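Please read the structure below before turning to the comments.
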Amino acid sequence: MEITVKDLLKVGPLKTSQVVAGYQKLDNIVKGVTIIEAPDIVNWLSGGELLLTSLYSGPGEGMDYREFIHKMATKEVSALAIKVRRFVNDIPPEIIEAANEYGLPVIEVDGSVRFVDIMYPVMEQLFNSQVVKLKYYKDVQERFTTLALQCEGLAVICQTLEELVGNPVVVYDKNFKCLQSTNPQIERFEEPEEFALRENLNDKFSYYRQSVCYPDLDGRCIPQVVVPIQAFNQLKGYLTIVELNKPIVEMDFISIEQAATVTTLDMVKRFAVKEVEYKFKNDLIEHILSGELSSTNAQERINLMEWDLNRPYYVVLFDLKNLDAYHVEHRTQQKMALQSIKSEITSTISGVIKTRTRDFIIGNKVDIIVLLWPVAANPQENSLEKIKKIAKQAQEQVKKRMKKLIVEVGIGDLAHGAEEIPRSYKEALDALSYGGMISNESAIVAFSELGVFRILCKFAERNSLEEFIPKALLRILRYDKDNEAELLKTLEVFLECNGNASRAAKELFIHYKTILYRLERIKEVGQLDLEDSKNRLELEMGLKMLHLMDASNLG
């Protein structure tokens, strides 16, 4: 509870005193009272004082009353009470003139009044104010502590804060999506077209006030007090009080601070619950993908999640290709944990999928987001092209939020039940691994589209590709390593250009004679005839096999 100069004019001898200047600042907050006993008093002021003086001690050497009053106003003195008919008969005109100019209330006190008779009642008022504030703080703290101990949610927290501050309350997530509000009309807001500065209200807690427009309140521009909610060094959301009914005063910040603490605890609890659910779900998805569903425990957990694995599913994998590099680049600025990035991406993909189908299953396996897409009764919804289109939309949403993140998508063939999901998962992995060889970055590839690569995938499962790689390619590969040459790359581009040397030279940005020289070296080192169609087919297949293997480990 704040005490103003106007309030003190109703206390003790000040009731019979007269304000002679600075009327416009009678709402100044008074934090203390002291007597001017030395000319340099202004050097020791901290602001908010009611100063008592009989002008026995003047402004000091080299300073006039005007400058004296100006320094007091600069130091944010609340008011100056001057006793007359003790050492001065009247308050000097220059003091009144300067006080009116600088907005410092000046109170004329009768000479018969003792300063102690002013100080005691003023100090009593200030002390009582502190007692009231402490009692209010204790009551509010107990109220919000009870909410925390009883694990009440955001709805009760917001309602309680609204009752205390007399204004509607809303909690947003970090993207200003409404999580809870006491008034649906304040859930959406828009920043005004004209730039408005934020008013910092508290350095410790980063509170600020800004004026925004509410579309559901006829577009009215209303101030809001915003409290960022932080946990684990990460921004989790915003507690916002809309000054719809009245301005927020000092006492209200006691309630706001306590509400912010409880809101933070609630968000930490939500995060902890989500992490447990996240791990539980991912562990269960791991069992499904590996085919380990025979145990009673696994079946019980599946039933607990209410997943129906007896229906057909497509396995769709979103591979976060450069997640570690993205995390290293952005964690200093965004302070995002790696798991937080994965959770945000999973949430983004889920948001897109929810608008297209229901009962899907989604989780994480290392840096891959696993989606089990349920087959709908409507045959059109089961179209592979339809699924690829939606996967593309999800991919684009992730790219929109995290521009430098590369997301590739692989889709397995239809699994007709739980026992076929591991097979579809392996096919989706193959689509990711080999799809990039027949498509560009951020590709979306289905296993059924791999063509001849599907045969290679089967051989790769048995780790038997190496024995089928043509000896000519192995000789060229060894030559490149020993001589730091690029014959293998040249051969690959030459074959992709259907044996057109001129076109291959342009693709490689080399002179036509250079590629002719390299082709001669390829024939010589590889001991092969590039005009033979059988040789060229074997070379093309061999190059595909090399892409499926770690070429550095060969030869």
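How things are named: the first chain in the structure tokens is A, the next is B, and so on; residues count from 1 in each chain; ligands count from 1 in the order shown.
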Find the residues around A:Lys404 up to 9 Å (only C-alpha atoms counted), leave out those fewer than 2 positions away in its own chain, and share them as a VMD selection string.
-> chain A and resid 322 326 399 402 406
Filtered DSSP result for stretch 311-424 of chain A, state alpha helix (DSSP H), as a PyMOL selection string = chain A and resi 323-334+338-354+384-401+421-424
Find the residues near A:Lys133: any atom within 12 Å, counting only C-alpha atoms, skip ones fewer than 6 places away on the same chain, and give them as a list of chain:residue names.
->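 Returned residues: A:Met1, A:Glu2, A:Ile3, A:Leu126, A:Phe127, A:Asp139, A:Val140, A:Gln141, A:Glu250, A:Met251, A:Asp252, A:Phe253, A:Ile254, A:Ser255.
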Which residues come within 8 Å of A:Gln395, counting only C-alpha atoms, excluding same-chain residues fewer than 2 positions away, as a list in words?
->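 My list of contacting residues is Ile349, Ala391, Lys392, Gln393, Gln397, Val398, Lys399, Val407 and Glu408 of chain A.
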For the residues in that selection, give me N, CA and C atoms as a PDB file, in the first residue's frame.
ATOM      1  N   ILE A 349       5.043 -31.374 -37.022  1.00  0.00           N
ATOM      2  CA  ILE A 349       4.573 -32.409 -37.945  1.00  0.00           C
ATOM      3  C   ILE A 349       3.210 -32.928 -37.505  1.00  0.00           C
ATOM      4  N   ALA A 391       3.021 -35.218 -46.378  1.00  0.00           N
ATOM      5  CA  ALA A 391       4.384 -35.238 -45.831  1.00  0.00           C
ATOM      6  C   ALA A 391       5.164 -34.015 -46.308  1.00  0.00           C
ATOM      7  N   LYS A 392       4.923 -33.605 -47.552  1.00  0.00           N
ATOM      8  CA  LYS A 392       5.573 -32.414 -48.099  1.00  0.00           C
ATOM      9  C   LYS A 392       5.142 -31.165 -47.334  1.00  0.00           C
ATOM     10  N   GLN A 393       3.858 -31.081 -47.007  1.00  0.00           N
ATOM     11  CA  GLN A 393       3.356 -29.938 -46.239  1.00  0.00           C
ATOM     12  C   GLN A 393       4.006 -29.889 -44.855  1.00  0.00           C
ATOM     13  N   GLN A 397       6.494 -26.979 -43.299  1.00  0.00           N
ATOM     14  CA  GLN A 397       6.240 -26.293 -42.033  1.00  0.00           C
ATOM     15  C   GLN A 397       7.478 -26.323 -41.139  1.00  0.00           C
ATOM     16  N   VAL A 398       8.154 -27.473 -41.121  1.00  0.00           N
ATOM     17  CA  VAL A 398       9.396 -27.571 -40.341  1.00  0.00           C
ATOM     18  C   VAL A 398      10.443 -26.625 -40.913  1.00  0.00           C
ATOM     19  N   LYS A 399      10.543 -26.599 -42.233  1.00  0.00           N
ATOM     20  CA  LYS A 399      11.519 -25.732 -42.905  1.00  0.00           C
ATOM     21  C   LYS A 399      11.220 -24.263 -42.628  1.00  0.00           C
ATOM     22  N   VAL A 407      15.288 -31.948 -43.881  1.00  0.00           N
ATOM     23  CA  VAL A 407      14.385 -33.048 -43.518  1.00  0.00           C
ATOM     24  C   VAL A 407      14.089 -33.869 -44.759  1.00  0.00           C
ATOM     25  N   GLU A 408      14.449 -35.143 -44.723  1.00  0.00           N
ATOM     26  CA  GLU A 408      14.132 -36.056 -45.819  1.00  0.00           C
ATOM     27  C   GLU A 408      13.110 -37.070 -45.330  1.00  0.00           C
TER      28      GLU A 408
END
As a PyMOL selection string, list the residues of stretch 148-293 of chain A assigned to strand (DSSP E or B) by DSSP on the backbone atoms of this structure.
-> chain A and resi 169-173+178-181+190+199-202+207-214+220-231+234-242
Skipping near chain neighbours, those fewer than 3 positions away, what residues fall within 12 Å of A:Leu147 using only C-alpha atoms, listed as a list in words?
->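 Within the cut-off, the hits are Val140, Gln141, Glu142, Arg143, Phe144, Gln150, Cys151, Glu152, Gly153, Leu154, Ala155, Val156, Ile157, Cys158, Gln159, Thr160, Leu161, Gln258, Ala259, Thr261, Val262, Thr263, Leu265 and Asp266 of chain A.
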Could those selected residues go to a file with C-alpha atoms, as a PDB file, in the first residue's frame?
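Resulting contents of again.pdb:
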ATOM      1  CA  VAL A 140      -0.977 -13.912  -1.419  1.00  0.00           C
ATOM      2  CA  GLN A 141       2.013 -16.222  -1.000  1.00  0.00           C
ATOM      3  CA  GLU A 142      -0.027 -18.660   1.096  1.00  0.00           C
ATOM      4  CA  ARG A 143      -2.846 -18.588  -1.436  1.00  0.00           C
ATOM      5  CA  PHE A 144      -0.627 -19.373  -4.399  1.00  0.00           C
ATOM      6  CA  GLN A 150      -2.782 -28.932  -4.609  1.00  0.00           C
ATOM      7  CA  CYS A 151      -1.454 -29.113  -8.197  1.00  0.00           C
ATOM      8  CA  GLU A 152      -4.129 -26.756  -9.454  1.00  0.00           C
ATOM      9  CA  GLY A 153      -3.767 -25.981 -13.148  1.00  0.00           C
ATOM     10  CA  LEU A 154      -3.426 -22.786 -15.153  1.00  0.00           C
ATOM     11  CA  ALA A 155      -7.193 -22.166 -15.102  1.00  0.00           C
ATOM     12  CA  VAL A 156      -7.285 -21.756 -11.305  1.00  0.00           C
ATOM     13  CA  ILE A 157      -4.019 -19.780 -11.263  1.00  0.00           C
ATOM     14  CA  CYS A 158      -5.361 -17.303 -13.835  1.00  0.00           C
ATOM     15  CA  GLN A 159      -8.721 -17.003 -12.052  1.00  0.00           C
ATOM     16  CA  THR A 160      -7.016 -16.336  -8.706  1.00  0.00           C
ATOM     17  CA  LEU A 161      -4.749 -13.675 -10.175  1.00  0.00           C
ATOM     18  CA  GLN A 258       3.636 -15.067  -6.914  1.00  0.00           C
ATOM     19  CA  ALA A 259       1.433 -16.072  -9.859  1.00  0.00           C
ATOM     20  CA  THR A 261       6.293 -18.454  -9.769  1.00  0.00           C
ATOM     21  CA  VAL A 262       3.360 -20.878  -9.604  1.00  0.00           C
ATOM     22  CA  THR A 263       2.879 -20.654 -13.381  1.00  0.00           C
ATOM     23  CA  LEU A 265       6.117 -24.568 -11.554  1.00  0.00           C
ATOM     24  CA  ASP A 266       3.043 -25.645 -13.501  1.00  0.00           C
TER      25      ASP A 266
END
Long-range neighbours of A:Pro422 as JSON, numbers by chain, 10 Å cut-off, only C-alpha atoms, 5 positions minimum in chain = {"A": [286, 287, 288, 289, 290, 291, 292, 315, 412, 415, 427, 428]}
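Remark: for A:Glu94, the closest of the candidate residues A:Phe494, A:Tyr314, A:Phe232, A:Tyr65 is A:Tyr65 (distances computed over only C-alpha atoms).
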Contacts of A:Ile368 within 12 Å, only C-alpha atoms, excl. fewer than 2 positions in-chain, as an MDAnalysis selection string = chainID A and resid 282 286 315:323 342:343 345:346 362:366 370:371 406:410 425 428:429 432
Counting only C-alpha atoms, the option among A:Tyr313, A:Trp307, A:Phe87, A:Tyr278 closest to A:Asp413 | A:Tyr313
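Minimum atom-to-atom distances from A:Met305, A:Leu149, A:Val122, A:Leu474 to A:Met545 were compared using only C-alpha atoms, and the lowest value belongs to A:Leu474.
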Quick one, how far is atom CA of A:Lys10 from atom CA of A:Arg85?
-> 22.6 Å
In Å, how far is it from atom CA of A:Lys71 to atom CA of A:Asn100?
-> 13.8 Å
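Comparing A:Pro93, A:Gly237, A:Pro223, A:Pro247 by their smallest distance to A:Gln180, the closest is A:Gly237 (using only C-alpha atoms).
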Which residue, A:Ala443, A:Ala376, A:Leu405, A:Ala38, has the smallest gap to A:Ile341 when you use only C-alpha atoms?
-> A:Leu405
Nearest residue to A:Ile107 from the set A:Pro13, A:Gly219, A:Gly47, A:Pro470 (distances using only C-alpha atoms) =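 Closest candidate: A:Pro13.
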